[in-house]
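Chemist: Got a structure for you, coords21.txt, holding compact mmCIF, C-alpha atoms and all ligand atoms.
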# COMPACT_ATOMS: atom_id res chain seq x y z
CA MET C 24 95.44 71.07 47.75
CA PRO C 25 95.92 74.88 47.77
CA GLY C 26 94.87 76.80 44.67
CA LEU C 27 95.25 80.53 44.03
CA ALA C 28 93.26 82.57 41.52
CA VAL C 29 94.91 85.84 40.53
CA ILE C 30 92.78 88.39 38.68
CA ILE C 31 94.29 91.35 36.90
CA VAL C 32 92.24 93.94 35.04
CA GLY C 33 93.99 96.21 32.56
CA GLU C 34 97.58 96.78 31.54
CA ASP C 35 99.24 98.55 34.48
CA PRO C 36 102.95 97.62 34.04
CA ALA C 37 103.79 97.42 37.77
CA SER C 38 100.74 95.20 38.37
CA GLN C 39 101.80 92.93 35.49
CA VAL C 40 105.19 92.42 37.19
CA TYR C 41 103.60 91.73 40.58
CA VAL C 42 101.20 89.17 39.09
CA ARG C 43 104.00 87.43 37.20
CA ASN C 44 106.03 87.18 40.43
CA LYS C 45 103.05 85.70 42.24
CA GLU C 46 102.49 83.10 39.52
CA ARG C 47 106.18 82.20 39.61
CA ALA C 48 106.09 81.80 43.39
CA CYS C 49 103.13 79.43 43.08
CA GLU C 50 105.10 77.31 40.60
CA GLU C 51 108.13 77.23 42.91
CA CYS C 52 105.99 76.18 45.89
CA GLY C 53 103.94 73.64 43.94
CA ILE C 54 100.75 75.64 44.47
CA TYR C 55 98.11 75.32 41.76
CA SER C 56 97.25 78.73 40.26
CA GLU C 57 94.89 80.24 37.74
CA LYS C 58 95.46 83.64 36.18
CA TYR C 59 92.62 85.75 34.82
CA ALA C 60 93.99 88.64 32.73
CA LEU C 61 90.95 90.74 31.88
CA PRO C 62 90.86 93.67 29.49
CA GLU C 63 90.69 97.27 30.74
CA GLU C 64 87.05 97.57 29.52
CA THR C 65 85.84 94.73 31.80
CA THR C 66 82.71 95.87 33.60
CA GLN C 67 82.23 95.70 37.34
CA GLU C 68 79.41 93.17 36.81
CA GLU C 69 81.69 90.89 34.77
CA LEU C 70 84.36 91.05 37.46
CA LEU C 71 81.79 90.33 40.19
CA GLU C 72 80.52 87.33 38.21
CA LEU C 73 84.05 85.92 37.98
CA ILE C 74 84.59 86.40 41.72
CA ASP C 75 81.29 84.64 42.42
CA THR C 76 82.37 81.69 40.25
CA LEU C 77 85.73 81.48 42.05
CA ASN C 78 84.06 81.81 45.47
CA ASN C 79 82.20 78.60 44.62
CA LYS C 80 85.05 76.75 42.91
CA SER C 81 86.43 74.01 45.15
CA SER C 82 89.87 73.87 43.46
CA ILE C 83 90.42 77.54 44.39
CA SER C 84 91.24 78.28 48.03
CA GLY C 85 92.50 81.85 47.59
CA ILE C 86 91.34 84.75 45.41
CA LEU C 87 93.44 87.82 44.77
CA VAL C 88 92.37 90.82 42.72
CA GLN C 89 95.47 92.83 41.86
CA LEU C 90 94.95 96.47 42.82
CA PRO C 91 94.47 99.10 41.59
CA VAL C 92 91.48 98.20 39.40
CA PRO C 93 90.50 100.61 36.59
CA LYS C 94 88.62 103.72 37.72
CA HIS C 95 85.20 102.60 36.46
CA ILE C 96 85.28 99.67 38.91
CA ASP C 97 84.62 100.31 42.62
CA GLU C 98 87.46 98.74 44.57
CA LYS C 99 85.44 98.43 47.79
CA THR C 100 82.59 96.57 46.04
CA ILE C 101 85.10 94.12 44.58
CA ILE C 102 86.86 93.48 47.90
CA ASP C 103 83.51 93.02 49.65
CA ALA C 104 82.50 90.35 47.08
CA ILE C 105 85.40 88.00 47.86
CA ASN C 106 84.52 85.19 50.26
CA PRO C 107 86.40 86.19 53.46
CA ASN C 108 87.64 82.58 53.77
CA LYS C 109 89.34 82.93 50.36
CA ASP C 110 90.56 86.51 50.94
CA VAL C 111 94.30 85.82 50.93
CA ASP C 112 95.08 89.56 50.73
CA ALA C 113 93.06 90.08 53.96
CA PHE C 114 91.43 93.26 52.64
CA HIS C 115 87.81 92.19 53.24
CA PRO C 116 86.22 94.12 56.15
CA VAL C 117 85.63 90.84 58.03
CA ASN C 118 89.35 90.09 57.96
CA VAL C 119 90.26 93.71 58.74
CA GLY C 120 88.02 93.53 61.82
CA LYS C 121 89.58 90.25 62.91
CA ILE C 122 93.04 91.81 62.75
CA MET C 123 91.78 94.69 64.89
CA VAL C 124 90.63 92.33 67.67
CA GLY C 125 93.73 90.17 67.35
CA ASN C 126 91.95 86.94 66.36
CA TYR C 127 92.77 86.49 62.70
CA ASP C 128 93.39 83.85 60.04
CA PHE C 129 94.80 86.07 57.31
CA VAL C 130 97.10 89.06 57.63
CA PRO C 131 97.75 91.41 54.67
CA CYS C 132 100.87 90.06 53.01
CA THR C 133 103.15 93.12 53.25
CA PRO C 134 102.71 93.87 56.98
CA ALA C 135 102.88 90.11 57.65
CA GLY C 136 106.18 89.99 55.76
CA VAL C 137 107.53 92.87 57.85
CA MET C 138 106.60 91.02 61.07
CA GLU C 139 108.30 87.86 59.80
CA LEU C 140 111.49 89.81 59.05
CA ILE C 141 111.44 91.29 62.54
CA LYS C 142 110.86 87.88 64.15
CA GLU C 143 113.50 86.07 62.09
CA SER C 144 116.02 88.80 62.93
CA GLY C 145 115.49 88.14 66.63
CA ILE C 146 114.12 91.63 67.29
CA ASP C 147 111.77 91.92 70.27
CA VAL C 148 108.99 94.45 69.59
CA SER C 149 107.70 94.60 73.17
CA GLY C 150 108.02 98.08 74.66
CA LYS C 151 109.76 99.48 71.57
CA GLU C 152 108.85 102.81 69.99
CA CYS C 153 107.44 101.77 66.60
CA VAL C 154 106.86 104.53 64.06
CA ILE C 155 105.06 103.86 60.79
CA VAL C 156 105.11 106.48 58.07
CA GLY C 157 101.99 105.88 55.96
CA ARG C 158 98.41 105.04 56.94
CA SER C 159 97.09 103.04 53.97
CA ASN C 160 94.60 100.23 54.50
CA ILE C 161 96.97 97.71 52.93
CA VAL C 162 100.19 98.61 54.76
CA GLY C 163 100.25 101.34 57.41
CA LYS C 164 97.08 100.58 59.38
CA PRO C 165 97.40 96.77 59.59
CA GLN C 166 101.13 97.18 60.31
CA ALA C 167 100.24 99.34 63.29
CA MET C 168 97.85 96.69 64.65
CA LEU C 169 100.39 93.88 64.25
CA LEU C 170 103.10 95.83 66.08
CA LEU C 171 100.59 96.78 68.77
CA HIS C 172 99.60 93.10 69.24
CA GLN C 173 103.27 92.48 69.99
CA ASN C 174 103.26 95.22 72.62
CA GLY C 175 105.04 97.90 70.61
CA THR C 176 104.23 101.54 71.35
CA VAL C 177 102.93 102.58 67.97
CA THR C 178 102.82 105.96 66.26
CA ILE C 179 101.28 106.29 62.79
CA CYS C 180 102.50 109.26 60.74
CA HIS C 181 100.96 110.50 57.50
CA SER C 182 100.85 113.38 55.05
CA LYS C 183 99.37 115.76 57.65
CA THR C 184 101.76 114.84 60.47
CA LYS C 185 103.62 117.81 61.94
CA ASP C 186 107.32 117.60 62.79
CA LEU C 187 107.76 114.22 61.10
CA LYS C 188 111.50 114.13 61.75
CA GLU C 189 110.94 114.48 65.49
CA LYS C 190 108.66 111.40 65.35
CA THR C 191 110.89 109.24 63.14
CA LYS C 192 113.98 110.13 65.20
CA ASN C 193 112.23 108.62 68.21
CA ALA C 194 111.67 105.24 66.51
CA ASP C 195 113.38 102.04 67.65
CA ILE C 196 111.56 100.37 64.76
CA LEU C 197 110.77 102.57 61.75
CA VAL C 198 108.53 101.32 58.93
CA ALA C 199 108.41 103.49 55.80
CA ALA C 200 105.36 103.03 53.56
CA VAL C 201 105.01 106.39 51.87
CA GLY C 202 105.51 105.83 48.15
CA ILE C 203 108.02 108.68 47.75
CA PRO C 204 111.55 107.74 46.63
CA ASN C 205 114.31 108.31 49.23
CA PHE C 206 111.87 110.18 51.50
CA ILE C 207 113.41 109.06 54.82
CA LYS C 208 116.99 110.33 55.12
CA GLY C 209 119.69 109.21 57.51
CA ASP C 210 119.27 112.31 59.69
CA MET C 211 115.64 111.29 60.39
CA ILE C 212 116.72 107.99 61.96
CA LYS C 213 117.79 107.20 65.52
CA GLU C 214 121.22 105.61 65.95
CA GLY C 215 120.84 101.81 65.96
CA ALA C 216 117.16 101.79 64.85
CA VAL C 217 115.61 98.96 62.86
CA VAL C 218 114.55 100.46 59.51
CA ILE C 219 112.10 98.61 57.31
CA ASP C 220 111.52 100.01 53.85
CA VAL C 221 108.21 98.97 52.30
CA GLY C 222 108.39 101.45 49.41
CA ILE C 223 108.73 100.29 45.83
CA ASN C 224 109.28 103.26 43.54
CA ARG C 225 110.40 103.19 39.94
CA LEU C 226 112.73 106.04 39.05
CA GLU C 227 112.95 107.69 35.62
CA ASN C 228 116.06 105.61 34.86
CA LYS C 229 113.82 102.52 35.45
CA LYS C 230 115.68 101.57 38.63
CA LEU C 231 113.70 100.51 41.69
CA CYS C 232 114.21 102.38 44.91
CA GLY C 233 112.60 102.44 48.33
CA ASP C 234 111.16 105.19 50.52
CA VAL C 235 114.38 105.26 52.55
CA GLU C 236 117.59 106.83 51.28
CA PHE C 237 119.66 103.70 51.79
CA GLU C 238 123.14 105.29 51.56
CA THR C 239 122.56 107.75 54.41
CA ALA C 240 120.24 105.49 56.42
CA GLU C 241 122.54 102.47 56.59
CA LYS C 242 125.20 104.56 58.33
CA VAL C 243 122.83 105.21 61.25
CA ALA C 244 120.53 102.16 61.35
CA GLY C 245 121.24 99.06 63.40
CA ALA C 246 119.44 96.96 60.80
CA ILE C 247 117.90 97.96 57.46
CA THR C 248 116.06 96.25 54.61
CA PRO C 249 117.13 96.89 51.00
CA VAL C 250 114.93 97.69 47.99
CA PRO C 251 114.67 95.57 45.95
CA GLY C 252 115.13 92.34 47.89
CA GLY C 253 113.75 93.22 51.32
CA VAL C 254 110.02 93.43 52.04
CA GLY C 255 108.97 92.66 48.43
CA PRO C 256 109.93 88.95 48.41
CA MET C 257 108.51 88.58 51.93
CA THR C 258 105.15 89.86 50.69
CA ILE C 259 105.02 87.09 48.10
CA ALA C 260 106.12 84.48 50.65
CA MET C 261 103.27 85.56 52.94
CA LEU C 262 100.81 85.25 50.05
CA MET C 263 101.89 81.63 49.64
CA LYS C 264 101.44 81.11 53.38
CA ASN C 265 97.93 82.64 53.28
CA THR C 266 97.01 80.44 50.31
CA VAL C 267 98.01 77.28 52.17
CA LYS C 268 96.11 78.53 55.23
CA ALA C 269 93.05 79.21 53.04
CA ALA C 270 93.18 75.64 51.71
CA ILE C 271 93.12 74.30 55.27
CA ILE C 272 90.27 76.64 56.30
CA ASN C 273 88.15 75.87 53.23
CA LYS C 274 88.68 72.14 53.57
CA SER C 275 87.15 72.21 57.02
CA LYS C 276 84.07 74.21 55.86
P1 LIG C 301 99.50 104.88 49.69
O1 LIG C 301 99.77 105.86 48.60
O2 LIG C 301 98.16 104.25 49.81
O3 LIG C 301 99.81 105.58 51.08
C1 LIG C 301 100.91 106.42 51.26
C2 LIG C 301 100.87 106.97 52.65
O4 LIG C 301 101.95 107.86 52.81
C3 LIG C 301 99.59 107.76 52.95
O5 LIG C 301 98.99 107.23 54.11
C4 LIG C 301 100.06 109.19 53.18
O6 LIG C 301 99.37 109.82 54.24
C5 LIG C 301 101.53 109.00 53.51
N1 LIG C 301 102.30 110.17 53.06
C6 LIG C 301 102.29 110.74 51.84
N2 LIG C 301 103.09 111.84 51.84
C7 LIG C 301 103.61 111.93 53.09
C8 LIG C 301 104.47 112.87 53.71
N3 LIG C 301 104.97 113.91 53.04
N4 LIG C 301 104.77 112.67 55.01
C9 LIG C 301 104.27 111.61 55.70
N5 LIG C 301 103.43 110.71 55.15
C10 LIG C 301 103.10 110.87 53.87
O7 LIG C 301 100.66 103.82 49.61
P2 LIG C 301 100.75 102.26 50.04
O8 LIG C 301 99.85 101.49 49.20
O9 LIG C 301 100.70 102.12 51.52
O10 LIG C 301 102.25 101.99 49.57
C11 LIG C 301 103.36 102.70 50.09
C12 LIG C 301 104.61 102.26 49.36
O11 LIG C 301 104.80 100.88 49.59
C13 LIG C 301 104.56 102.41 47.84
O12 LIG C 301 105.86 102.71 47.39
C14 LIG C 301 104.15 101.04 47.36
O13 LIG C 301 104.59 100.77 46.05
C15 LIG C 301 104.86 100.18 48.35
N6 LIG C 301 104.26 98.87 48.56
C16 LIG C 301 105.12 97.82 48.60
C17 LIG C 301 104.66 96.56 48.83
C18 LIG C 301 105.63 95.43 48.90
O14 LIG C 301 105.29 94.29 48.62
N7 LIG C 301 106.88 95.70 49.31
C19 LIG C 301 103.29 96.32 49.00
C20 LIG C 301 102.43 97.42 49.00
C21 LIG C 301 102.94 98.68 48.79
Take the structure in the file and give it back as structure tokens.
Modeler:
Amino acid sequence: MPGLAVIIVGEDPASQVYVRNKERACEECGIYSEKYALPEETTQEELLELIDTLNNKSSISGILVQLPVPKHIDEKTIIDAINPNKDVDAFHPVNVGKIMVGNYDFVPCTPAGVMELIKESGIDVSGKECVIVGRSNIVGKPQAMLLLHQNGTVTICHSKTKDLKEKTKNADILVAAVGIPNFIKGDMIKEGAVVIDVGINRLENKKLCGDVEFETAEKVAGAITPVPGGVGPMTIAMLMKNTVKAAIINKSK
């Protein structure tokens, strides 16, 4: 029986929403879940103790620590403490390495969701120019590896990239993971390209918007994901998939 433990430290409003959505998804899928909402002042030692308990708890197959953690806690130390077989976010260096060599159990949920969208839409990645804007450990870098494993020709762009428009204009598949509202405009996109918007940005008027300017981009793109309602729900679906996978892996240990 799969069981997911979700740990949240502090009061970050966006994180609260993400955790609530994850709990709700578990309910909908019939996955057992435990939520640990810890106060902002929680020490690193206390958090490590909880992770150790959950690592050894047989009813828990997956452990997720909602990031970011408060500044006095070292994110890397926390990720390293999670049993790689229960690391449903796939952020542990063991799982990152496995993705690199192409022999993996868990894939980070957001890039996995992007790949699922591409597959379900019948889009063949092989030989395509794939451009990712953003090089974070949780989205950009693993996304690049997954597209590469499917024989895409991958370019990773970032904040120091020169002539960004020239790169994005060349993309058959463009993945935006920048964290800047409406950053990718229609004139940066090749006619007919597949545009996948990972960004989730909250505007001053409280509305959510992506990293792609949808109104101008949809006129040029062959296919495009909306925000909200595109990659976000896929991320949660992939978390459920990883939790079920973790239950199978841990059962056989
Ligand atoms: P991040 O802040 O860690 O990384 C942003 C990346 O954008 C960096 O690699 C940086 O080099 C690049 N960048 C910044 N300015 C740039 C510029 N001017 N030109 C080119 N590149 C530039 O962000 P992240 O954690 O990868 O998240 C990116 C976005 O995706 C955010 O909006 C985040 O909220 C969203 N996100 C969504 C999901 C989901 O489930 N849909 C999951 C994770 C993140």
Chemist: Would you please work out which residue, of C:Asn160, C:Asn265, C:Asn108, C:Asn79, is nearest to ligand LIG 301 (chain C) when using all atoms listed in the file?
Modeler: C:Asn160
Chemist: My list of candidates is C:Pro93, C:Pro131, C:Pro116, C:Gly150. Which is closest to ligand LIG 301 (chain C) when distances are computed with only C-alpha atoms and all ligand atoms?
Modeler: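 Under the stated criterion, the closest residue is C:Pro131.
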Chemist: Using all atoms listed in the file, what does the table of chain C residues within 7 Å of ligand LIG 301 (chain C) look like, with each row giving the shortest atom pair and its distance in Å to one decimal, sorted by chain and ascending number, as a Markdown table?
Modeler:
| residue | atom | partner | partner_atom | distance |
| --- | --- | --- | --- | --- |
| C:Thr133 | CA | C:LIG301 | O14 | 5.2 |
| C:Val156 | CA | C:LIG301 | N5 | 5.4 |
| C:Gly157 | CA | C:LIG301 | C2 | 3.7 |
| C:Arg158 | CA | C:LIG301 | O5 | 3.6 |
| C:Ser159 | CA | C:LIG301 | O9 | 4.5 |
| C:Ile161 | CA | C:LIG301 | O9 | 5.9 |
| C:Val162 | CA | C:LIG301 | O9 | 4.8 |
| C:Gly163 | CA | C:LIG301 | O9 | 6.0 |
| C:Cys180 | CA | C:LIG301 | C9 | 5.8 |
| C:His181 | CA | C:LIG301 | N5 | 3.4 |
| C:Ser182 | CA | C:LIG301 | C10 | 3.6 |
| C:Lys183 | CA | C:LIG301 | C9 | 6.7 |
| C:Thr184 | CA | C:LIG301 | C9 | 6.3 |
| C:Leu187 | CA | C:LIG301 | C9 | 6.9 |
| C:Ala200 | CA | C:LIG301 | C11 | 4.0 |
| C:Val201 | CA | C:LIG301 | O4 | 3.5 |
| C:Gly202 | CA | C:LIG301 | O12 | 3.2 |
| C:Ile203 | CA | C:LIG301 | O12 | 6.4 |
| C:Val221 | CA | C:LIG301 | N7 | 4.6 |
| C:Gly222 | CA | C:LIG301 | O12 | 3.5 |
| C:Ile223 | CA | C:LIG301 | O12 | 4.1 |
| C:Asn224 | CA | C:LIG301 | O12 | 5.2 |
| C:Gly233 | CA | C:LIG301 | O12 | 6.8 |
| C:Asp234 | CA | C:LIG301 | O12 | 6.6 |
| C:Val254 | CA | C:LIG301 | N7 | 4.7 |
| C:Gly255 | CA | C:LIG301 | N7 | 3.8 |
| C:Thr258 | CA | C:LIG301 | O14 | 4.9 |
Chemist: Measuring atom to atom with all atoms listed in the file, identify which of C:Ser81, C:Leu71, C:Gln39, C:Ala167 is nearest to Asp103 (chain C).
Modeler: C:Leu71
Chemist: What is the distance between CA of Val119 (chain C) and CA of Leu87 (chain C), in Å to one decimal?
Modeler: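 CA of Val119 (chain C) sits 15.5 Å away from CA of Leu87 (chain C).
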Chemist: Skipping near chain neighbours, those fewer than 6 positions away, what residues fall within 10 Å of His172 (chain C) using only C-alpha atoms, listed as a VMD selection string?
Modeler: chain C and resid 122 to 125 148 to 149 166
Chemist: Considering all atoms listed in the file, state which residue in the set C:Leu262, C:Pro165, C:Val218, C:Glu241 is at the smallest distance from Ala28 (chain C).
Modeler: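 When distances to Ala28 (chain C) are compared using all atoms listed in the file, the smallest one comes from C:Leu262.
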Chemist: Please provide as a list of chain:residue names all residues within 12 Å of Asp147 (chain C), with the sequence filter that same-chain residues fewer than 2 positions apart are discarded (counting all atoms listed in the file).
Modeler: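 Neighbouring residues, sequence-local ones excluded: C:Met138, C:Glu139, C:Leu140, C:Ile141, C:Lys142, C:Glu143, C:Ser144, C:Gly145, C:Ser149, C:Gly150, C:Lys151, C:Glu152, C:Cys153, C:Leu170, C:Gln173, C:Asn174, C:Gly175, C:Asp195, C:Ile196, C:Val217.
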Chemist: Could you turn the residues from that selection into a file that holds C-alpha atoms, as a PDB file, in the frame of the given file?
Modeler:
ATOM      1  CA  MET C 138     106.600  91.020  61.070  1.00  0.00           C
ATOM      2  CA  GLU C 139     108.300  87.860  59.800  1.00  0.00           C
ATOM      3  CA  LEU C 140     111.490  89.810  59.050  1.00  0.00           C
ATOM      4  CA  ILE C 141     111.440  91.290  62.540  1.00  0.00           C
ATOM      5  CA  LYS C 142     110.860  87.880  64.150  1.00  0.00           C
ATOM      6  CA  GLU C 143     113.500  86.070  62.090  1.00  0.00           C
ATOM      7  CA  SER C 144     116.020  88.800  62.930  1.00  0.00           C
ATOM      8  CA  GLY C 145     115.490  88.140  66.630  1.00  0.00           C
ATOM      9  CA  SER C 149     107.700  94.600  73.170  1.00  0.00           C
ATOM     10  CA  GLY C 150     108.020  98.080  74.660  1.00  0.00           C
ATOM     11  CA  LYS C 151     109.760  99.480  71.570  1.00  0.00           C
ATOM     12  CA  GLU C 152     108.850 102.810  69.990  1.00  0.00           C
ATOM     13  CA  CYS C 153     107.440 101.770  66.600  1.00  0.00           C
ATOM     14  CA  LEU C 170     103.100  95.830  66.080  1.00  0.00           C
ATOM     15  CA  GLN C 173     103.270  92.480  69.990  1.00  0.00           C
ATOM     16  CA  ASN C 174     103.260  95.220  72.620  1.00  0.00           C
ATOM     17  CA  GLY C 175     105.040  97.900  70.610  1.00  0.00           C
ATOM     18  CA  ASP C 195     113.380 102.040  67.650  1.00  0.00           C
ATOM     19  CA  ILE C 196     111.560 100.370  64.760  1.00  0.00           C
ATOM     20  CA  VAL C 217     115.610  98.960  62.860  1.00  0.00           C
TER      21      VAL C 217
END
Chemist: Compare C:Tyr55, C:Ile86, C:Leu169, C:Asp210 by their minimum atom-to-atom distance to Asn126 (chain C), counting all atoms listed in the file, and give me the closest one.
Modeler: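 Of C:Tyr55, C:Ile86, C:Leu169, C:Asp210, the one nearest Asn126 (chain C), counting all atoms listed in the file, is C:Leu169.
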Chemist: Which neighbours of Ala37 (chain C) fall inside 12 Å, counting all atoms listed in the file, when residues of the same chain fewer than 3 positions from it are skipped, and could you give them as number ranges by chain?
Modeler: C: 31, 33-34, 40-44, 89-91, 223-225, 229, 231
Chemist: Mind giving me the straight-line distance from CA of Val32 (chain C) to CA of Thr65 (chain C) in Å, one decimal?
Modeler: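 Straight-line distance from CA of Val32 (chain C) to CA of Thr65 (chain C) works out to 7.2 Å.
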Chemist: Of the candidates C:Ile212, C:Asn205, C:Ala104, C:Asp35, which shows the shortest atom-to-atom distance to Leu226 (chain C), using all atoms listed in the file?
Modeler: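 That would be C:Asn205, the residue with the smallest distance to Leu226 (chain C).
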Chemist: Hey, can you check how far CA of Ile259 (chain C) sits from CA of His115 (chain C)?
Modeler: 18.7 Å
Chemist: Within 12 Å of (87.5, 76.1, 56.8), in the coordinates the file gives, what residues turn up when you count only C-alpha atoms, written out as a PyMOL selection string?
Modeler: chain C and resi 81+84-85+106-109+128+267-276
Chemist: Might you pull out every residue within 12 Å of Phe237 (chain C), with all atoms listed in the file counted and same-chain residues fewer than 6 positions away left off, and present them as a PyMOL selection string?
Modeler: chain C and resi 199+204-210+212+218-220+222+243-244+246-251
